[in-house]
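Participant: Below you'll find final_30.cif; it's mmCIF, C-alpha atoms and all ligand atoms.
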data_protein
#
loop_
_atom_site.label_atom_id
_atom_site.label_comp_id
_atom_site.auth_asym_id
_atom_site.auth_seq_id
_atom_site.Cartn_x
_atom_site.Cartn_y
_atom_site.Cartn_z
CA MET A 1 -14.54 41.61 -10.30
CA SER A 2 -13.92 38.81 -7.84
CA THR A 3 -13.85 35.23 -9.03
CA ARG A 4 -14.91 31.98 -7.32
CA GLN A 5 -11.27 31.28 -6.45
CA ASP A 6 -11.07 34.56 -4.52
CA GLU A 7 -14.12 33.77 -2.42
CA GLU A 8 -14.02 30.06 -1.66
CA ALA A 9 -11.56 28.63 0.84
CA PRO A 10 -9.98 25.37 -0.30
CA VAL A 11 -10.86 22.19 1.59
CA ARG A 12 -7.63 21.45 3.43
CA GLY A 13 -6.34 18.04 2.46
CA LEU A 14 -9.45 17.67 0.26
CA GLU A 15 -11.15 16.09 3.29
CA GLY A 16 -14.62 14.84 2.38
CA VAL A 17 -14.33 16.02 -1.24
CA ILE A 18 -15.78 13.49 -3.70
CA ALA A 19 -13.25 13.54 -6.54
CA ALA A 20 -14.13 10.37 -8.47
CA GLU A 21 -16.74 7.67 -8.96
CA THR A 22 -15.63 4.12 -8.36
CA SER A 23 -17.06 0.64 -8.02
CA VAL A 24 -13.73 -0.87 -6.96
CA SER A 25 -14.05 -0.40 -3.20
CA TYR A 26 -16.18 1.38 -0.64
CA VAL A 27 -15.14 2.71 2.76
CA ASP A 28 -17.75 3.59 5.38
CA GLY A 29 -15.70 5.42 7.98
CA ILE A 30 -18.56 5.86 10.43
CA HIS A 31 -19.47 2.20 10.71
CA GLY A 32 -16.00 0.82 9.96
CA ARG A 33 -16.93 -1.05 6.78
CA LEU A 34 -14.83 -1.86 3.73
CA LEU A 35 -16.25 -3.47 0.59
CA TYR A 36 -14.37 -4.73 -2.48
CA GLN A 37 -16.70 -4.66 -5.51
CA GLY A 38 -19.66 -4.99 -3.14
CA TYR A 39 -18.26 -7.79 -0.93
CA ASP A 40 -17.56 -7.20 2.75
CA ILE A 41 -13.87 -7.46 3.61
CA HIS A 42 -14.74 -9.68 6.60
CA ASP A 43 -16.16 -12.28 4.19
CA LEU A 44 -13.20 -12.05 1.83
CA ALA A 45 -10.20 -11.78 4.18
CA ASP A 46 -9.83 -15.45 5.05
CA ALA A 47 -11.66 -16.86 2.03
CA LEU A 48 -9.78 -15.47 -0.98
CA SER A 49 -6.21 -15.73 -2.18
CA PHE A 50 -4.42 -12.59 -3.31
CA SER A 51 -4.75 -13.53 -6.99
CA GLU A 52 -8.50 -14.15 -6.59
CA THR A 53 -8.73 -10.70 -4.98
CA VAL A 54 -6.88 -9.17 -7.93
CA PHE A 55 -9.36 -10.86 -10.27
CA LEU A 56 -12.28 -9.51 -8.25
CA LEU A 57 -10.92 -5.94 -8.17
CA TRP A 58 -10.12 -5.95 -11.88
CA HIS A 59 -13.16 -7.73 -13.25
CA GLY A 60 -15.83 -6.81 -10.70
CA ARG A 61 -16.79 -10.41 -9.99
CA LEU A 62 -15.40 -13.46 -8.20
CA PRO A 63 -13.56 -15.97 -10.40
CA SER A 64 -14.83 -19.53 -10.74
CA PRO A 65 -12.38 -22.09 -9.27
CA ALA A 66 -11.03 -22.85 -12.77
CA GLU A 67 -10.71 -19.15 -13.63
CA GLY A 68 -8.98 -18.51 -10.29
CA ALA A 69 -6.44 -21.28 -10.88
CA GLY A 70 -5.81 -20.15 -14.46
CA PHE A 71 -5.39 -16.52 -13.42
CA ARG A 72 -2.98 -17.47 -10.65
CA ALA A 73 -0.85 -19.46 -13.09
CA GLU A 74 -0.88 -16.56 -15.57
CA LEU A 75 0.33 -14.14 -12.90
CA VAL A 76 3.04 -16.44 -11.54
CA ALA A 77 4.31 -16.93 -15.10
CA GLU A 78 4.82 -13.14 -15.30
CA MET A 79 6.96 -12.87 -12.16
CA ARG A 80 10.30 -12.84 -13.97
CA LEU A 81 12.22 -9.58 -14.47
CA PRO A 82 14.34 -8.38 -17.38
CA SER A 83 18.02 -9.01 -16.53
CA GLN A 84 18.77 -5.28 -16.89
CA VAL A 85 16.34 -4.51 -14.06
CA VAL A 86 18.04 -7.10 -11.84
CA GLU A 87 21.36 -5.49 -12.75
CA MET A 88 19.96 -2.12 -11.68
CA LEU A 89 19.06 -3.62 -8.27
CA ARG A 90 22.74 -4.50 -7.88
CA LEU A 91 23.88 -1.02 -8.96
CA MET A 92 21.69 1.00 -6.60
CA PRO A 93 23.51 2.30 -3.49
CA PRO A 94 22.94 -0.19 -0.65
CA ASN A 95 21.48 2.51 1.59
CA SER A 96 18.83 3.67 -0.91
CA HIS A 97 15.38 2.89 0.49
CA PRO A 98 13.60 -0.14 -1.03
CA MET A 99 10.67 2.12 -1.98
CA ALA A 100 13.03 4.37 -3.94
CA VAL A 101 14.50 1.33 -5.69
CA LEU A 102 11.02 -0.08 -6.37
CA ARG A 103 9.88 3.24 -7.86
CA THR A 104 12.99 3.28 -10.07
CA ALA A 105 12.48 -0.37 -11.07
CA VAL A 106 8.85 0.20 -12.09
CA SER A 107 9.92 3.21 -14.12
CA MET A 108 12.65 1.12 -15.74
CA LEU A 109 10.28 -1.76 -16.48
CA ALA A 110 8.31 0.62 -18.68
CA SER A 111 11.19 0.80 -21.14
CA PHE A 112 11.28 -2.99 -21.43
CA ASP A 113 7.52 -3.44 -21.78
CA PRO A 114 6.41 -4.03 -25.38
CA ASP A 115 3.04 -2.39 -24.63
CA VAL A 116 4.35 0.61 -22.71
CA ASP A 117 2.64 3.48 -24.53
CA ASP A 118 -0.34 1.50 -25.80
CA ILE A 119 -3.19 2.39 -23.45
CA ARG A 120 -5.89 0.41 -25.23
CA PRO A 121 -7.62 -1.99 -22.80
CA GLU A 122 -6.07 -5.22 -24.23
CA ALA A 123 -2.54 -3.80 -23.92
CA ASN A 124 -3.30 -2.35 -20.49
CA TRP A 125 -4.53 -5.71 -19.15
CA ARG A 126 -1.30 -7.36 -20.38
CA LYS A 127 0.74 -4.72 -18.55
CA ALA A 128 -1.48 -5.02 -15.49
CA LYS A 129 -0.72 -8.74 -15.14
CA ARG A 130 2.99 -8.18 -15.64
CA LEU A 131 3.13 -5.37 -13.08
CA VAL A 132 1.19 -7.08 -10.29
CA ALA A 133 3.48 -10.09 -10.74
CA GLN A 134 6.77 -8.20 -11.16
CA VAL A 135 6.49 -5.86 -8.16
CA PRO A 136 6.79 -8.69 -5.56
CA THR A 137 9.78 -10.08 -7.47
CA ILE A 138 11.55 -6.71 -7.41
CA ILE A 139 11.20 -6.60 -3.61
CA ALA A 140 12.31 -10.20 -3.06
CA ASP A 141 15.23 -9.88 -5.49
CA LEU A 142 16.39 -6.62 -3.94
CA HIS A 143 16.56 -8.24 -0.52
CA ARG A 144 18.42 -11.27 -1.91
CA VAL A 145 20.90 -9.04 -3.76
CA ARG A 146 21.51 -6.89 -0.70
CA SER A 147 21.97 -9.84 1.61
CA GLY A 148 24.35 -11.57 -0.83
CA GLN A 149 22.05 -14.52 -1.48
CA PRO A 150 21.27 -16.13 -4.85
CA LEU A 151 18.05 -15.11 -6.59
CA LEU A 152 15.24 -17.65 -6.73
CA SER A 153 12.77 -18.35 -9.51
CA PRO A 154 9.05 -18.45 -8.72
CA ASP A 155 7.64 -21.90 -7.97
CA PRO A 156 4.58 -22.61 -10.14
CA ASN A 157 3.06 -24.59 -7.26
CA PHE A 158 2.67 -21.41 -5.20
CA GLY A 159 0.60 -18.28 -5.75
CA ILE A 160 1.97 -14.74 -5.72
CA ALA A 161 1.92 -14.30 -1.92
CA ALA A 162 3.65 -17.59 -1.07
CA ASN A 163 6.12 -17.12 -3.92
CA PHE A 164 7.00 -13.70 -2.59
CA LEU A 165 7.88 -15.14 0.83
CA TYR A 166 9.74 -18.05 -0.73
CA MET A 167 11.76 -15.83 -3.08
CA LEU A 168 12.55 -13.34 -0.30
CA ARG A 169 13.49 -15.78 2.46
CA GLY A 170 14.56 -18.86 0.55
CA THR A 171 12.14 -21.04 2.54
CA PRO A 172 8.52 -21.67 1.58
CA PRO A 173 5.96 -20.50 4.13
CA ASN A 174 4.33 -22.97 6.48
CA GLN A 175 0.54 -23.15 6.48
CA LEU A 176 0.00 -20.33 8.99
CA GLU A 177 2.58 -18.08 7.30
CA GLY A 178 1.17 -18.78 3.85
CA ARG A 179 -2.35 -17.93 4.94
CA ALA A 180 -1.18 -14.81 6.82
CA MET A 181 0.68 -13.51 3.78
CA GLU A 182 -2.41 -14.01 1.60
CA VAL A 183 -4.62 -12.24 4.16
CA LEU A 184 -2.16 -9.35 4.48
CA MET A 185 -2.12 -8.85 0.72
CA VAL A 186 -5.91 -9.25 0.41
CA LEU A 187 -6.47 -6.61 3.11
CA LEU A 188 -4.00 -4.15 1.59
CA ALA A 189 -5.15 -4.61 -2.02
CA ASP A 190 -7.42 -1.57 -2.24
CA HIS A 191 -8.81 1.25 -0.16
CA GLU A 192 -10.91 3.70 -2.15
CA LEU A 193 -9.45 7.12 -2.95
CA ASN A 194 -6.42 7.16 -0.64
CA ALA A 195 -3.52 9.50 -1.49
CA SER A 196 -1.56 7.09 -3.69
CA THR A 197 -4.65 5.88 -5.57
CA PHE A 198 -5.67 9.47 -6.21
CA THR A 199 -2.14 10.13 -7.50
CA ALA A 200 -2.42 7.17 -9.86
CA ARG A 201 -5.79 8.40 -11.15
CA VAL A 202 -4.49 11.94 -11.69
CA ILE A 203 -1.63 10.60 -13.79
CA ALA A 204 -3.92 8.24 -15.75
CA SER A 205 -6.28 11.15 -16.37
CA THR A 206 -3.62 12.84 -18.51
CA LEU A 207 -3.69 9.64 -20.63
CA SER A 208 -0.15 8.92 -19.55
CA ASP A 209 0.86 5.25 -19.36
CA MET A 210 0.22 2.70 -16.60
CA HIS A 211 3.88 2.48 -15.51
CA SER A 212 3.98 6.27 -14.98
CA ALA A 213 0.79 6.15 -12.92
CA LEU A 214 2.24 3.36 -10.80
CA ALA A 215 5.58 5.11 -10.30
CA GLY A 216 3.69 8.20 -9.09
CA ALA A 217 1.54 6.11 -6.75
CA LEU A 218 4.69 4.54 -5.29
CA GLY A 219 6.07 8.00 -4.57
CA ALA A 220 2.89 8.93 -2.71
CA LEU A 221 2.73 5.67 -0.75
CA LYS A 222 6.34 6.09 0.41
CA GLY A 223 5.50 9.02 2.74
CA PRO A 224 5.25 8.42 6.50
CA LEU A 225 1.68 9.76 6.64
CA HIS A 226 0.63 7.01 4.19
CA GLY A 227 2.29 3.63 3.56
CA GLY A 228 5.60 4.62 5.13
CA ALA A 229 4.01 4.35 8.58
CA ASN A 230 4.37 0.55 8.89
CA GLN A 231 8.19 0.58 8.97
CA ARG A 232 8.12 3.30 11.64
CA VAL A 233 5.60 1.29 13.69
CA MET A 234 8.04 -1.61 13.84
CA GLU A 235 10.97 0.66 14.69
CA MET A 236 8.92 2.05 17.58
CA ILE A 237 7.93 -1.41 18.86
CA LEU A 238 11.53 -2.60 18.67
CA ASP A 239 12.64 0.56 20.49
CA ILE A 240 10.45 -0.23 23.50
CA PRO A 241 12.39 -2.62 25.74
CA ASP A 242 9.48 -4.22 27.61
CA LEU A 243 5.79 -4.06 28.47
CA GLN A 244 6.39 -1.96 31.57
CA THR A 245 7.95 0.86 29.50
CA VAL A 246 5.09 1.22 27.00
CA GLN A 247 2.98 3.65 28.99
CA ALA A 248 5.78 6.15 29.69
CA TYR A 249 7.13 5.86 26.13
CA ILE A 250 3.80 6.58 24.44
CA VAL A 251 2.65 9.26 26.88
CA GLY A 252 6.05 10.93 26.48
CA MET A 253 5.64 11.00 22.71
CA LEU A 254 2.14 12.45 22.96
CA GLU A 255 3.28 15.10 25.44
CA ASN A 256 5.93 16.11 22.92
CA ARG A 257 3.15 16.36 20.29
CA LYS A 258 4.65 13.51 18.29
CA ARG A 259 2.36 11.34 16.18
CA ILE A 260 2.15 7.68 17.00
CA MET A 261 2.68 5.87 13.73
CA GLY A 262 0.02 3.36 12.80
CA PHE A 263 -2.76 5.32 14.51
CA GLY A 264 -5.44 7.65 13.21
CA HIS A 265 -7.19 7.79 9.87
CA ARG A 266 -8.70 10.40 7.60
CA VAL A 267 -11.89 8.40 7.01
CA TYR A 268 -12.42 5.90 9.86
CA ARG A 269 -14.01 7.25 13.02
CA THR A 270 -14.16 3.78 14.51
CA GLU A 271 -11.92 0.73 14.22
CA ASP A 272 -10.54 0.05 10.75
CA PRO A 273 -12.19 -3.27 9.76
CA ARG A 274 -8.82 -4.64 8.62
CA THR A 275 -7.33 -4.27 12.12
CA ARG A 276 -9.08 -7.25 13.71
CA HIS A 277 -7.75 -9.70 11.11
CA LEU A 278 -4.22 -8.38 11.35
CA ARG A 279 -4.31 -8.32 15.18
CA ASP A 280 -5.39 -11.94 15.13
CA TYR A 281 -2.64 -13.01 12.70
CA SER A 282 -0.09 -10.93 14.60
CA GLU A 283 -0.94 -12.84 17.77
CA GLN A 284 -0.72 -16.25 16.11
CA LEU A 285 2.42 -15.52 14.10
CA CYS A 286 4.29 -13.83 16.95
CA ALA A 287 3.50 -16.79 19.22
CA SER A 288 4.77 -19.30 16.68
CA ALA A 289 7.87 -17.20 15.82
CA ASN A 290 8.79 -16.78 19.50
CA GLN A 291 8.04 -13.04 19.32
CA GLN A 292 5.09 -12.99 21.70
CA ASN A 293 6.64 -10.01 23.52
CA LEU A 294 6.38 -7.88 20.36
CA HIS A 295 2.68 -8.62 19.96
CA ASP A 296 2.14 -7.90 23.67
CA ILE A 297 3.93 -4.56 23.35
CA ALA A 298 1.80 -3.73 20.29
CA GLU A 299 -1.43 -4.49 22.18
CA ARG A 300 -0.26 -2.38 25.12
CA ILE A 301 0.53 0.52 22.75
CA GLU A 302 -2.97 0.18 21.31
CA SER A 303 -4.67 0.41 24.70
CA THR A 304 -2.38 3.26 25.83
CA VAL A 305 -3.10 5.38 22.73
CA MET A 306 -6.82 4.62 23.04
CA ASP A 307 -6.86 5.69 26.71
CA ALA A 308 -4.77 8.80 26.12
CA LYS A 309 -6.19 10.06 22.81
CA GLY A 310 -9.13 7.85 21.83
CA ILE A 311 -7.43 7.07 18.50
CA TYR A 312 -7.70 3.66 16.84
CA PRO A 313 -4.89 1.77 15.14
CA ASN A 314 -4.95 1.78 11.34
CA VAL A 315 -3.98 -0.98 8.89
CA ASP A 316 -0.27 -0.19 9.24
CA PHE A 317 -0.12 -0.96 12.95
CA TYR A 318 -0.54 -4.75 13.16
CA SER A 319 0.68 -5.23 9.60
CA ALA A 320 4.07 -4.34 11.09
CA THR A 321 4.20 -7.20 13.62
CA VAL A 322 2.67 -9.56 11.05
CA GLN A 323 5.41 -8.78 8.54
CA HIS A 324 8.12 -8.93 11.18
CA ALA A 325 6.99 -12.37 12.33
CA LEU A 326 6.97 -13.50 8.69
CA GLY A 327 10.67 -12.66 8.50
CA ILE A 328 10.36 -9.56 6.33
CA PRO A 329 12.90 -6.86 7.28
CA PRO A 330 11.18 -3.57 8.38
CA GLU A 331 12.70 -1.45 5.60
CA TYR A 332 10.73 -3.61 3.12
CA PHE A 333 7.34 -3.24 4.86
CA THR A 334 6.13 -0.30 2.76
CA ALA A 335 7.21 -2.04 -0.42
CA VAL A 336 5.15 -5.09 0.58
CA PHE A 337 2.18 -2.77 1.06
CA ALA A 338 2.89 -1.47 -2.47
CA ALA A 339 2.99 -5.00 -3.89
CA ALA A 340 -0.54 -5.60 -2.63
CA ARG A 341 -1.85 -2.12 -3.47
CA THR A 342 -0.61 -2.45 -7.07
CA ALA A 343 -3.78 -4.50 -7.61
CA GLY A 344 -6.01 -1.62 -6.48
CA TRP A 345 -4.00 1.07 -8.23
CA ILE A 346 -4.40 -0.78 -11.51
CA ALA A 347 -8.15 -1.28 -10.98
CA HIS A 348 -8.51 2.48 -10.45
CA ILE A 349 -6.25 3.37 -13.38
CA MET A 350 -8.39 1.18 -15.66
CA GLU A 351 -11.57 2.73 -14.28
CA GLN A 352 -10.12 6.20 -14.93
CA TYR A 353 -9.16 5.36 -18.54
CA ALA A 354 -12.61 3.88 -19.16
CA ASP A 355 -14.43 7.12 -18.32
CA ASN A 356 -11.77 9.77 -18.41
CA ARG A 357 -11.78 13.48 -17.91
CA LEU A 358 -8.52 15.30 -17.12
CA ILE A 359 -8.27 15.83 -13.34
CA ARG A 360 -7.31 19.46 -13.04
CA PRO A 361 -8.68 21.32 -10.01
CA THR A 362 -7.91 24.92 -9.23
CA SER A 363 -6.28 26.82 -6.38
CA ARG A 364 -6.88 29.95 -4.40
CA TYR A 365 -4.17 32.50 -5.10
CA THR A 366 -2.70 34.02 -1.93
CA GLY A 367 0.30 35.89 -3.39
CA PRO A 368 0.66 39.55 -4.36
CA MET A 369 -0.70 41.04 -7.55
CA GLY A 370 0.24 43.95 -9.78
CA LEU A 371 3.79 44.34 -8.50
CA PRO A 372 5.61 47.07 -10.46
CA PHE A 373 8.20 45.44 -12.67
CA GLU A 374 11.43 47.41 -12.91
CA PRO A 375 13.57 46.29 -15.83
CA ARG A 376 16.95 45.29 -14.37
CA ALA A 377 20.22 46.61 -15.73
CA ALA A 378 22.22 43.94 -17.60
N1 LIG B 1 -0.85 10.23 16.85
C1 LIG B 1 -1.20 11.26 17.63
N2 LIG B 1 -2.17 12.13 17.33
C2 LIG B 1 -2.82 11.93 16.17
C3 LIG B 1 -2.52 10.88 15.31
C4 LIG B 1 -1.49 10.01 15.69
N3 LIG B 1 -1.14 9.00 14.91
N4 LIG B 1 -3.33 10.94 14.25
C5 LIG B 1 -4.13 11.99 14.42
N5 LIG B 1 -3.81 12.60 15.58
C6 LIG B 1 -4.45 13.78 16.13
C7 LIG B 1 -3.85 15.04 15.53
O1 LIG B 1 -2.74 15.51 16.29
C8 LIG B 1 -5.02 15.97 15.58
O2 LIG B 1 -5.17 16.41 16.91
P1 LIG B 1 -5.43 17.96 17.23
O3 LIG B 1 -6.75 18.25 16.56
O4 LIG B 1 -5.44 18.00 18.70
O5 LIG B 1 -4.28 18.68 16.61
C9 LIG B 1 -6.20 15.08 15.28
O6 LIG B 1 -5.81 13.78 15.71
C10 LIG B 1 -6.60 15.04 13.81
O7 LIG B 1 -5.44 14.75 13.03
P2 LIG B 1 -5.22 15.21 11.54
O8 LIG B 1 -3.76 15.24 11.24
O9 LIG B 1 -5.99 16.45 11.26
O10 LIG B 1 -5.90 14.04 10.75
P3 LIG B 1 -5.71 13.74 9.21
O11 LIG B 1 -6.98 13.15 8.74
O12 LIG B 1 -5.19 14.91 8.48
O13 LIG B 1 -4.52 12.66 9.21
C11 LIG B 1 -3.34 10.67 9.33
C12 LIG B 1 -4.70 11.32 9.13
C13 LIG B 1 -3.45 9.19 8.99
C14 LIG B 1 -2.31 11.32 8.40
C15 LIG B 1 -2.92 10.86 10.82
O14 LIG B 1 -3.82 10.19 11.66
C16 LIG B 1 -1.50 10.42 11.07
O15 LIG B 1 -0.55 11.20 10.90
N6 LIG B 1 -1.30 9.12 11.52
C17 LIG B 1 0.03 8.61 11.72
C18 LIG B 1 0.61 8.11 10.40
C19 LIG B 1 -0.05 6.84 9.93
O16 LIG B 1 -0.23 5.90 10.68
N7 LIG B 1 -0.37 6.81 8.64
C20 LIG B 1 -0.98 5.67 8.01
C21 LIG B 1 -2.39 5.99 7.61
S1 LIG B 1 -3.25 4.55 7.06
#
Mind turning the file's structure into structure tokens?
Facilitator:
Amino acid sequence: MSTRQDEEAPVRGLEGVIAAETSVSYVDGIHGRLLYQGYDIHDLADALSFSETVFLLWHGRLPSPAEGAGFRAELVAEMRLPSQVVEMLRLMPPNSHPMAVLRTAVSMLASFDPDVDDIRPEANWRKAKRLVAQVPTIIADLHRVRSGQPLLSPDPNFGIAANFLYMLRGTPPNQLEGRAMEVLMVLLADHELNASTFTARVIASTLSDMHSALAGALGALKGPLHGGANQRVMEMILDIPDLQTVQAYIVGMLENRKRIMGFGHRVYRTEDPRTRHLRDYSEQLCASANQQNLHDIAERIESTVMDAKGIYPNVDFYSATVQHALGIPPEYFTAVFAAARTAGWIAHIMEQYADNRLIRPTSRYTGPMGLPFEPRAA
């Protein structure tokens, strides 16, 4: 008797499969729309700080000004790390990728968290605040350790985004940089059921703890087909010597059937709504950081890929030049994406816990059956 698994072909890459219900964010790939808890990203991008966005994603409503200020202060107060985690940053081999170190650090933080295995909502919200605050510190501290510079404490006058830049670079951001960092983190904070968010929800669905779900999500984000693309975008831009070379470089890659990092998307069939904000900040930041040529090369790559393949840039493309102009080294780009996305991962983990059923799909077996087993001589 044949079963359903024998007859039905799996949906490759689960494309178009609805695997969860969520009110955290909504992506309309046909019309290029992104909503956070019902609000259009175009209305939020320049209007909210990162901590206000975290509040919105977690609580489903905008904070009042007093709530927003209080929440920001609560988060900044949680930015410190246990000294053992800082020690681990020093012990990791200098060539280990920041995403690997971040994944290890989040895993290690679990053992120092007094609420680690308590998954009741009150304990989970305490962990959520600690994690969204600690992840940026891990990234900043790792860079300071690796570049032989002293570690800096968060400044209570800044929010999470500005503190991250300050603690990484040692200099507070100017007005344009501060706003750009907030916008970058707001835009990257959530994106429906992407691969890393799905990973986080699968882990939460086993009723495992929040740190485990986050460590798994970090592993998924690290891949070049997901969050790992932004670092490779910058490496490509830096590899192109000038504007005149762009066309031949990109066409050569496409002829060799290589993927252009930072282009294409599983869901969007038109421009990703986050692109326009990042393109705009890339232009402004590159001009003020004397890196206009990098923005020009990026724009030329965009038009070349569009002409050759009709493929739009995704969020990783201009986030690369934005981060570069902010003084963030390329190997940290994916980790910065993770710092922002921690907000969304946590919102989805909490949603999963609140209405949980174990996520356990099935597969279509393609191997042999009924092989004769010959007992082997000892
Ligand atoms: N460069 C060149 N061609 C691309 C491309 C890219 N970045 N992205 C998609 N394509 C092409 C594929 O080669 C394929 O063409 P074909 O049908 O002629 O073989 C077609 O577009 C569909 O691609 P597919 O891999 O099936 O789409 P997907 O939905 O599985 O993959 C991504 C989506 C994001 C993984 C894919 O676009 C990609 O690899 N992009 C580069 C990595 C990246 O920027 N990731 C960050 C995502 S936010």
Participant: Within 10 Å of ligand LIG 1 (chain B), counting only C-alpha atoms and all ligand atoms: which residues, as a VMD selection string?
Facilitator: chain A and resid 12 to 15 191 194 to 195 221 223 to 230 232 to 233 250 253 to 255 257 to 268 272 305 308 to 317
Participant: Export, as a compact mmCIF listing (two decimals), in the coordinates of the input, the selected residues with C-alpha atoms.
Facilitator:
# COMPACT_ATOMS: atom_id res chain seq x y z
CA ARG A 12 -7.63 21.45 3.43
CA GLY A 13 -6.34 18.04 2.46
CA LEU A 14 -9.45 17.67 0.26
CA GLU A 15 -11.15 16.09 3.29
CA HIS A 191 -8.81 1.25 -0.16
CA ASN A 194 -6.42 7.16 -0.64
CA ALA A 195 -3.52 9.50 -1.49
CA LEU A 221 2.73 5.67 -0.75
CA GLY A 223 5.50 9.02 2.74
CA PRO A 224 5.25 8.42 6.50
CA LEU A 225 1.68 9.76 6.64
CA HIS A 226 0.63 7.01 4.19
CA GLY A 227 2.29 3.63 3.56
CA GLY A 228 5.60 4.62 5.13
CA ALA A 229 4.01 4.35 8.58
CA ASN A 230 4.37 0.55 8.89
CA ARG A 232 8.12 3.30 11.64
CA VAL A 233 5.60 1.29 13.69
CA ILE A 250 3.80 6.58 24.44
CA MET A 253 5.64 11.00 22.71
CA LEU A 254 2.14 12.45 22.96
CA GLU A 255 3.28 15.10 25.44
CA ARG A 257 3.15 16.36 20.29
CA LYS A 258 4.65 13.51 18.29
CA ARG A 259 2.36 11.34 16.18
CA ILE A 260 2.15 7.68 17.00
CA MET A 261 2.68 5.87 13.73
CA GLY A 262 0.02 3.36 12.80
CA PHE A 263 -2.76 5.32 14.51
CA GLY A 264 -5.44 7.65 13.21
CA HIS A 265 -7.19 7.79 9.87
CA ARG A 266 -8.70 10.40 7.60
CA VAL A 267 -11.89 8.40 7.01
CA TYR A 268 -12.42 5.90 9.86
CA ASP A 272 -10.54 0.05 10.75
CA VAL A 305 -3.10 5.38 22.73
CA ALA A 308 -4.77 8.80 26.12
CA LYS A 309 -6.19 10.06 22.81
CA GLY A 310 -9.13 7.85 21.83
CA ILE A 311 -7.43 7.07 18.50
CA TYR A 312 -7.70 3.66 16.84
CA PRO A 313 -4.89 1.77 15.14
CA ASN A 314 -4.95 1.78 11.34
CA VAL A 315 -3.98 -0.98 8.89
CA ASP A 316 -0.27 -0.19 9.24
CA PHE A 317 -0.12 -0.96 12.95
Participant: Report, in Å with one decimal, the straight-line distance from atom CA of Pro329 of chain A to atom CA of Ala100 of chain A.
Facilitator: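 According to the coordinates, atom CA of Pro329 of chain A and atom CA of Ala100 of chain A are separated by 15.9 Å.
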Participant: Quick one: pull the distance between atom CA of Thr362 of chain A and atom CA of Ala20 of chain A, Å, one decimal.
Facilitator: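 Going from atom CA of Thr362 of chain A over to atom CA of Ala20 of chain A covers 15.8 Å.
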Participant: Looking at A:Ser107, A:Asn163, A:Gln231, A:Gln37, which one is nearest to His59 of chain A, with distances taken over only C-alpha atoms?
Facilitator: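 Closest to His59 of chain A of all the choices is A:Gln37.
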Participant: Taking 3 positions as the minimum chain separation for residues in the same chain, which residues sit within 8 Å of Gly327 of chain A when counting all atoms listed in the file? Answer as a ChimeraX atom specification.
Facilitator: /A:169,323-324
Participant: Show me the residues around (14.1, -7.0, -17.3) - criterion: an atom at most 10 Å away, all atoms listed in the file counted - as a list in words.
Facilitator: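 Protein and nucleic acid residues near the point are Arg80, Leu81, Pro82, Ser83, Gln84, Val85, Val86, Glu87, Met88, Ala105, Met108, Leu109, Ala110, Ser111, Phe112, Asp113 and Gln134 of chain A.
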Participant: Quote the spacing between atom CA of Pro330 of chain A and atom CA of Met92 of chain A in Å to one decimal place.
Facilitator: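 So the two atoms, atom CA of Pro330 of chain A and atom CA of Met92 of chain A, lie 18.9 Å apart.
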Participant: Got a sec: who's within 10 Å of Pro156 of chain A, counting all atoms listed in the file, leaving out chain neighbours fewer than 4 positions off, as a VMD selection string?
Facilitator: chain A and resid 72 to 77 160 163
Participant: Using all atoms listed in the file for the distances, tell me which of A:Arg357, A:Arg279, A:Arg33, A:Arg300 is nearest to Ala204 of chain A.
Facilitator: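 Looking at the shortest contact to Ala204 of chain A, the residue is A:Arg357.
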Participant: Show which residues sit within 12 Å of Cys286 of chain A, as number ranges by chain. Count only C-alpha atoms, and ignore same-chain residues fewer than 6 positions away.
Facilitator: A: 176-177, 180, 278-280, 292-298, 318-327
Participant: For a quick check of understanding, using all atoms listed in the file, which of A:Asn356, A:Thr3, A:Thr275, A:Ser212 has the smallest distance to Gly32 of chain A?
Facilitator: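 Residue with the minimum atom-to-atom distance to Gly32 of chain A: A:Thr275.
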Participant: So, with only C-alpha atoms as the atoms that count, which of A:Thr22, A:Met369, A:Pro150, A:Glu192 lies closest to Asp355 of chain A?
Facilitator: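 For Asp355 of chain A, the nearest of the candidates is A:Thr22.
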Participant: Restricted to C-alpha atoms, what does segment 145-159 of chain A look like when written out as a PDB file, in the first residue's frame?
Facilitator:
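New file out.pdb:
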ATOM      1  CA  VAL A 145      39.914  42.562  21.432  1.00  0.00           C
ATOM      2  CA  ARG A 146      41.135  41.575  17.981  1.00  0.00           C
ATOM      3  CA  SER A 147      42.421  45.029  17.167  1.00  0.00           C
ATOM      4  CA  GLY A 148      44.210  45.325  20.527  1.00  0.00           C
ATOM      5  CA  GLN A 149      42.063  48.200  21.776  1.00  0.00           C
ATOM      6  CA  PRO A 150      40.560  48.616  25.251  1.00  0.00           C
ATOM      7  CA  LEU A 151      36.925  47.617  25.731  1.00  0.00           C
ATOM      8  CA  LEU A 152      34.394  50.398  26.244  1.00  0.00           C
ATOM      9  CA  SER A 153      31.347  50.480  28.483  1.00  0.00           C
ATOM     10  CA  PRO A 154      27.987  51.505  27.022  1.00  0.00           C
ATOM     11  CA  ASP A 155      27.106  55.186  27.394  1.00  0.00           C
ATOM     12  CA  PRO A 156      23.652  55.608  28.968  1.00  0.00           C
ATOM     13  CA  ASN A 157      23.116  58.717  26.832  1.00  0.00           C
ATOM     14  CA  PHE A 158      23.018  56.603  23.667  1.00  0.00           C
ATOM     15  CA  GLY A 159      20.630  53.900  22.501  1.00  0.00           C
TER      16      GLY A 159
END
